[in-house]
Amino acid sequence: MSDALPFVTIIIPTRPGQAEIPAVTAARSLDYPKDRLEIIVARGTQPAVQRNTAIRAARGDLIYFLDDDALARPDALRRALVHFKQPQVKMLGGPNLCPPDAPLLEQVFAVVLGSWLAFGPSRARYDSVGVARESGEKELILCNMMARRADVLELGGFDESLYPNEENALMDELQKRGATLIYDPEFIVERRPRPTLRAFCKMLFTYGRGRAEQFRLHPTPGSALNFVPPLFVVYLEAAFVSARWLGPVVFAPLGLYLLTVVAQTLVSMTTKGFVRSLLALPLVVASHIFYGLGFWRGLFTALKPAGQKPAFEVQLETLAP
């Protein structure tokens with residue numbers, strides 16, 4: 001009986017005027033009773049505001065957050081309900097994987113995103129890692145996430161002063177209150193990485209900026225690892241400036257670092273292929289530099305208090321599943 005199943009709302013933020021929304025097409029193919037499902041498209045220019053507006057209008061007990069280009073698998077909701085049978089589970093996430101038919105450059109970007117050296121534990125957002133387990137904000141990502149509506153509303157939704165990283169602060173707060181968050185490597189969406197090198201590097205910079213702004217607003221010990229790339233950037237600058245006085249010895253740590261990158265590349269070749277892994281090698285280094293630069297930028301951005309945030313217009317469209 002479909003009445004025994006929880007009502008689910010799928011929330012998809014997108015830009016004003018976007019006609020084709022791939023996530024909607026995929027959502028309509030989900031294996032779930034149509035009378036227990038609604039799809040809300042939230043159009044606007046600030047995703048956190050769009051999602052919060054849609055959450056307040058949603059009828060679902062469970063909210064499935066998808067980016068507009070995230071293609072959910074047909075069994076996604078059925079798989080999720082297995083975890084949500086446990087009342088302490090408040091949020092579930094899984095990886096967003098590069099489609100196998102994506103262009104080579106995008107597949108190379110996917111190798112970088114799924115690299116331990118480039119993204120640490122957050123590589124689980126871009127690759128199916130391990131087994132289903134209790135997890136946290138380092139592994140879950142908002143483009144493929146399900147949560148209990150009541151718990152999200154109780155915390156006031158996503159922090160609208162953050163973008164990106166608005167979900168990370170919310171997950172930290174849920175865990176402080178004793179909630180269980182689950183990472184399921186088989187709770188998968190397909191989503192293409194950035195299409196160009198410029199866009200990819202800009203994304204890395206934005207991720208760094210967002211993490212620094214999150215740390216300023218919601219500092220937690222979990223952000224300690226994110227200080228490594230900005231410190232690496234400082235080391236690089238200091239090494240090249242001081243080399244004329246101190247000599248090549250200042251580059252010894254850099255040599256060790258590059259050997260580590262090569263080792264990571266050799267490991268990657270065993271699962272990701274020779275060509276993609278080799279092409280990803282310089283981008284692993286670039287990921288640390290651009291993320292680090294973005295982090296430094298985020299440490300000094302002007303953060304406006306909640307009362308001074310600009311108003312963002314959001315248009316909601318409830319679609320038939």
# chains A, B, ... in the order shown; residues from 1 in each chain; ligands from 1

call {"tool": "residues_around", "arguments": {"residues": "Pro253 in chain A", "least_positions_apart": "3", "cutoff": "12 Å", "atoms": "only C-alpha atoms", "output": "MDAnalysis selection string"}}
result
chainID A and resid 232 235:236 239 248:250 256:260

call {"tool": "residues_around", "arguments": {"residues": "Ile63 in chain A", "least_positions_apart": "3", "cutoff": "7 Å", "atoms": "only C-alpha atoms", "output": "PyMOL selection string"}}
result
chain A and resi 8-11+60+146-149

call {"tool": "closest_atom_pairs", "arguments": {"of": "range 47-89 of chain A", "to": "range 164-185 of chain A", "cutoff": "12 Å", "atoms": "only C-alpha atoms", "output": "JSON lines"}}
result
{"residue": "A:Pro47", "atom": "CA", "partner": "A:Pro164", "partner_atom": "CA", "distance": 8.8}
{"residue": "A:Ala48", "atom": "CA", "partner": "A:Glu166", "partner_atom": "CA", "distance": 6.7}
{"residue": "A:Val49", "atom": "CA", "partner": "A:Glu166", "partner_atom": "CA", "distance": 10.1}
{"residue": "A:Arg51", "atom": "CA", "partner": "A:Glu166", "partner_atom": "CA", "distance": 10.5}
{"residue": "A:Asn52", "atom": "CA", "partner": "A:Glu166", "partner_atom": "CA", "distance": 10.9}
{"residue": "A:Phe65", "atom": "CA", "partner": "A:Glu167", "partner_atom": "CA", "distance": 10.7}
{"residue": "A:Ala76", "atom": "CA", "partner": "A:Asp184", "partner_atom": "CA", "distance": 10.7}
{"residue": "A:Arg79", "atom": "CA", "partner": "A:Asp184", "partner_atom": "CA", "distance": 9.1}
{"residue": "A:Ala80", "atom": "CA", "partner": "A:Asp184", "partner_atom": "CA", "distance": 8.8}
{"residue": "A:Leu81", "atom": "CA", "partner": "A:Ile182", "partner_atom": "CA", "distance": 11.9}
{"residue": "A:Val82", "atom": "CA", "partner": "A:Asp184", "partner_atom": "CA", "distance": 10.9}
{"residue": "A:His83", "atom": "CA", "partner": "A:Ile182", "partner_atom": "CA", "distance": 7.8}
{"residue": "A:Phe84", "atom": "CA", "partner": "A:Ile182", "partner_atom": "CA", "distance": 9.5}
{"residue": "A:Gln86", "atom": "CA", "partner": "A:Thr180", "partner_atom": "CA", "distance": 9.3}
{"residue": "A:Pro87", "atom": "CA", "partner": "A:Thr180", "partner_atom": "CA", "distance": 9.0}
{"residue": "A:Gln88", "atom": "CA", "partner": "A:Thr180", "partner_atom": "CA", "distance": 5.7}
{"residue": "A:Val89", "atom": "CA", "partner": "A:Thr180", "partner_atom": "CA", "distance": 4.6}

call {"tool": "closest_residue", "arguments": {"among": "A:Val234, A:Ala199, A:Val284, A:Ile21", "to": "Ser115 in chain A", "atoms": "only C-alpha atoms"}}
result
A:Val284

call {"tool": "select_by_dssp", "arguments": {"residues": "range 47-288 of chain A", "states": "strand (DSSP E)", "output": "count of residues only"}}
result
27

call {"tool": "residues_around", "arguments": {"residues": "range 97-106 of chain A", "least_positions_apart": "5", "cutoff": "7 Å", "atoms": "only C-alpha atoms", "output": "VMD selection string"}}
result
chain A and resid 126 to 127 189 to 195

call {"tool": "write_last_selection", "arguments": {"atoms": "C-alpha atoms", "output": "mmCIF file, in the first residue's frame"}}
result
data_model
loop_
_atom_site.group_PDB
_atom_site.id
_atom_site.type_symbol
_atom_site.label_atom_id
_atom_site.label_comp_id
_atom_site.auth_asym_id
_atom_site.auth_seq_id
_atom_site.Cartn_x
_atom_site.Cartn_y
_atom_site.Cartn_z
ATOM 1 C CA TYR A 126 32.609 11.960 -6.021
ATOM 2 C CA ASP A 127 33.315 8.222 -5.812
ATOM 3 C CA VAL A 189 23.315 10.327 -8.826
ATOM 4 C CA GLU A 190 25.129 10.920 -12.085
ATOM 5 C CA ARG A 191 26.331 14.454 -12.598
ATOM 6 C CA ARG A 192 28.888 15.851 -14.999
ATOM 7 C CA PRO A 193 31.838 17.858 -13.610
ATOM 8 C CA ARG A 194 32.679 21.315 -14.901
ATOM 9 C CA PRO A 195 33.108 21.386 -18.690
#

call {"tool": "closest_residue", "arguments": {"among": "A:Val241, A:Ala118, A:Leu140, A:Val314", "to": "Gly94 in chain A", "atoms": "only C-alpha atoms"}}
result
A:Leu140

call {"tool": "select_by_dssp", "arguments": {"residues": "range 56-183 of chain A", "states": "alpha helix (DSSP H)", "output": "ChimeraX atom specification"}}
result
/A:56-57,76-84,104-113,116-119,149-154,166-176

call {"tool": "closest_residue", "arguments": {"among": "A:Ala150, A:Val112, A:Ile188, A:Ile39", "to": "Ser128 in chain A", "atoms": "only C-alpha atoms"}}
result
A:Ile188

call {"tool": "residues_around", "arguments": {"residues": "Leu283 in chain A", "least_positions_apart": "3", "cutoff": "10 Å", "atoms": "only C-alpha atoms", "output": "list in words"}}
result
Val108, Phe109, Val111, Val112, Leu113, Ala118, Leu197, Phe200, Cys201, Ser277, Leu278, Leu279, Ala280, Ala286, Ser287, His288, Ile289 and Phe290 of chain A

call {"tool": "residues_around", "arguments": {"residues": "Leu316 in chain A", "least_positions_apart": "5", "cutoff": "9 Å", "atoms": "only C-alpha atoms", "output": "list in words"}}
result
Ile40, Val41, Ala42, Arg43, Gln50, Thr53, Ala54 and Ala57 of chain A

call {"tool": "residues_around", "arguments": {"residues": "Phe227 in chain A", "least_positions_apart": "2", "cutoff": "10 Å", "atoms": "only C-alpha atoms", "output": "ChimeraX atom specification"}}
result
/A:208,211-212,223-225,229-232,291-292,295-296

call {"tool": "atom_distance", "arguments": {"atom1": "CA of Arg209 in chain A", "atom2": "CA of Val228 in chain A"}}
result
13.8 Å

call {"tool": "atom_distance", "arguments": {"atom1": "CA of Lys138 in chain A", "atom2": "CA of Pro121 in chain A"}}
result
6.2 Å
